[in-house]
Amino acid sequence: MTFKIHSFSLSNEVAATQKNPRNPAKAFLSPPLVILNNFGDEAHQKLATITFQNMFPPINVRKVKLSTCQRAVLVDYDAKTKRFQFRHYSINAAPVGANKKLKKLLQSRNAPDLGDMQDVSEFFDKRVGDASDSEGSDDESRRVHLTQDFNRVAHADSTSKIILNEIGPRMELELVKVEEGMCDGRVLYHAYVKKTAEEVKTLEQKKVEREKLRKRRRVEQEANVKRKAREKEIKADAERARQGKSKKKSSAVDEFGNVRDVEGEAEDDAKWAAAFEREEKEWQEGDVYDERSGKTKRKRHGD
């Protein structure tokens, strides 16, 4: 689902417009109540309903405790503008008919300043500050009968009024496009582009052909990968066989188990054989070995 954001306000911007902003940290320990209003029966509207509902963890109405219902998310659909209004509120409850000063005294943990008063009744009769619109409104539609304890002042089996404080963020969204998959599937809805049945059929056929081509290329690619891996393994086996044969040919073990350098021994034998051959040739040509001097002398004519 693709949404276009027409406008938005951050949480701190919403709080800056309020005289007494309320945003308790404990309210975020439990999931909010999701309220969807004016959603239609069209396919994309039903899908939007499911999407907004699954953005937050589900709440079991039969087992939930009222004390954990601290927030509410409202998504309202305007059929004229075709936009979704997203609002986020904190929920509070206060006893009906109680004095405002008494309610604040019960909700606060700090003792009030009574130094300039002659009697405690002056604290409740003195009008300091004006109530907010949400707190001042006390119509019948906002009154509820609590079956469980909600907070320190709103107890079970009592009538209380619900107070909503907007905590933000605030957004105005427009659903532009709905498609299957992740940006690669069939388009189910488009706010600006409308296609005929023939165009939709043609696009479906092209999609089927692209899918067949993709599968065929994948099979060919897997076959090429296997063939290259097999050729590489054959070359590796041939190289190992060649190295093993060369090593076996060029080395041997003597009677004591030591490795012999056959090639080196063959070279030494060839050198010694050439030396003996040269010496024998010199001897045959007339050289004489002198035992006293240890040197070889050339024979003289007449000796």
# chains A, B, ... in the order shown; residues from 1 in each chain; ligands from 1

$ residues_around --residues "region 22-26 of chain A" --least-positions-apart "3" --cutoff "8 Å" --atoms "only C-alpha atoms" --output "JSON, numbers by chain"
{"A": [29, 90, 165, 167]}

$ write_last_selection --atoms "C-alpha atoms" --output "JSON list (two decimals), in the first residue's frame"
[["chain", "number", "residue", "atom", "x", "y", "z"],
["A", 29, "LEU", "CA", 3.59, 0.12, 28.22],
["A", 90, "SER", "CA", -4.11, 9.57, 25.78],
["A", 165, "ASN", "CA", -5.70, 14.51, 25.32],
["A", 167, "ILE", "CA", -0.46, 13.47, 22.10]]

$ select_by_dssp --residues "region 185-251 of chain A" --states "strand (DSSP E or B)" --output "MDAnalysis selection string"
chainID A and resid 187:190 251

$ atom_distance --atom1 "CA of Lys232 (chain A)" --atom2 "CA of Arg216 (chain A)"
24.4 Å

$ closest_residue --among "A:Asp76, A:Gly40, A:Ala275, A:Glu280" --to "Leu173 (chain A)" --atoms "only C-alpha atoms"
A:Asp76

$ atom_distance --atom1 "CA of Tyr89 (chain A)" --atom2 "CA of Ala156 (chain A)"
22.9 Å

$ closest_residue --among "A:Leu74, A:Leu36, A:Val153, A:Ala48" --to "Ala93 (chain A)" --atoms "only C-alpha atoms"
A:Val153

$ residues_around --residues "Thr68 (chain A)" --least-positions-apart "4" --cutoff "9 Å" --atoms "only C-alpha atoms" --output "number ranges by chain"
A: 27, 29-32, 64, 150

$ write_last_selection --atoms "N, CA and C atoms" --output "PDB file, in the first residue's frame"
ATOM      1  N   ALA A  27       1.735   5.135  29.733  1.00  0.00           N
ATOM      2  CA  ALA A  27       0.704   4.858  28.738  1.00  0.00           C
ATOM      3  C   ALA A  27       1.245   4.043  27.570  1.00  0.00           C
ATOM      4  N   LEU A  29       3.263   1.490  27.822  1.00  0.00           N
ATOM      5  CA  LEU A  29       3.590   0.124  28.223  1.00  0.00           C
ATOM      6  C   LEU A  29       2.593  -0.896  27.673  1.00  0.00           C
ATOM      7  N   SER A  30       1.464  -0.441  27.188  1.00  0.00           N
ATOM      8  CA  SER A  30       0.432  -1.332  26.652  1.00  0.00           C
ATOM      9  C   SER A  30      -0.016  -0.800  25.293  1.00  0.00           C
ATOM     10  N   PRO A  31      -0.515  -1.667  24.402  1.00  0.00           N
ATOM     11  CA  PRO A  31      -0.932  -1.211  23.067  1.00  0.00           C
ATOM     12  C   PRO A  31      -2.164  -0.321  23.129  1.00  0.00           C
ATOM     13  N   PRO A  32      -2.353   0.545  22.157  1.00  0.00           N
ATOM     14  CA  PRO A  32      -3.508   1.450  22.168  1.00  0.00           C
ATOM     15  C   PRO A  32      -4.767   0.780  21.615  1.00  0.00           C
ATOM     16  N   VAL A  64      -8.900  -7.927  28.850  1.00  0.00           N
ATOM     17  CA  VAL A  64      -8.128  -6.715  29.056  1.00  0.00           C
ATOM     18  C   VAL A  64      -8.544  -6.023  30.350  1.00  0.00           C
ATOM     19  N   PHE A 150      -9.790   2.171  37.245  1.00  0.00           N
ATOM     20  CA  PHE A 150      -9.027   2.735  36.139  1.00  0.00           C
ATOM     21  C   PHE A 150      -7.784   3.453  36.645  1.00  0.00           C
TER      22      PHE A 150
END

$ residues_around --residues "Val193 (chain A)" --least-positions-apart "6" --cutoff "12 Å" --atoms "only C-alpha atoms" --output "MDAnalysis selection string"
chainID A and resid 176:178 187 199:200

$ atom_distance --atom1 "CA of His6 (chain A)" --atom2 "CA of Arg87 (chain A)"
14.4 Å

$ closest_residue --among "A:His44, A:Arg210, A:Lys226, A:Arg152" --to "Ala191 (chain A)" --atoms "only C-alpha atoms"
A:His44

$ select_by_dssp --residues "region 4-62 of chain A" --states "alpha helix (DSSP H)" --output "NGL selection string"
:A and (11-16 or 43-53)

$ closest_residue --among "A:Ala241, A:Ala197, A:Met171, A:Leu203" --to "Ser11 (chain A)" --atoms "only C-alpha atoms"
A:Met171

$ residues_around --residues "Pro169 (chain A)" --least-positions-apart "3" --cutoff "9 Å" --atoms "only C-alpha atoms" --output "PyMOL selection string"
chain A and resi 8-14+86-88+166

$ residues_around --residues "Arg83 (chain A)" --least-positions-apart "2" --cutoff "6 Å" --atoms "only C-alpha atoms" --output "list of chain:residue names"
A:Tyr77, A:Asp78, A:Thr81, A:Leu173, A:Glu174

$ residues_around --residues "Glu42 (chain A)" --least-positions-apart "6" --cutoff "12 Å" --atoms "only C-alpha atoms" --output "number ranges by chain"
A: 48-49, 79, 188-189
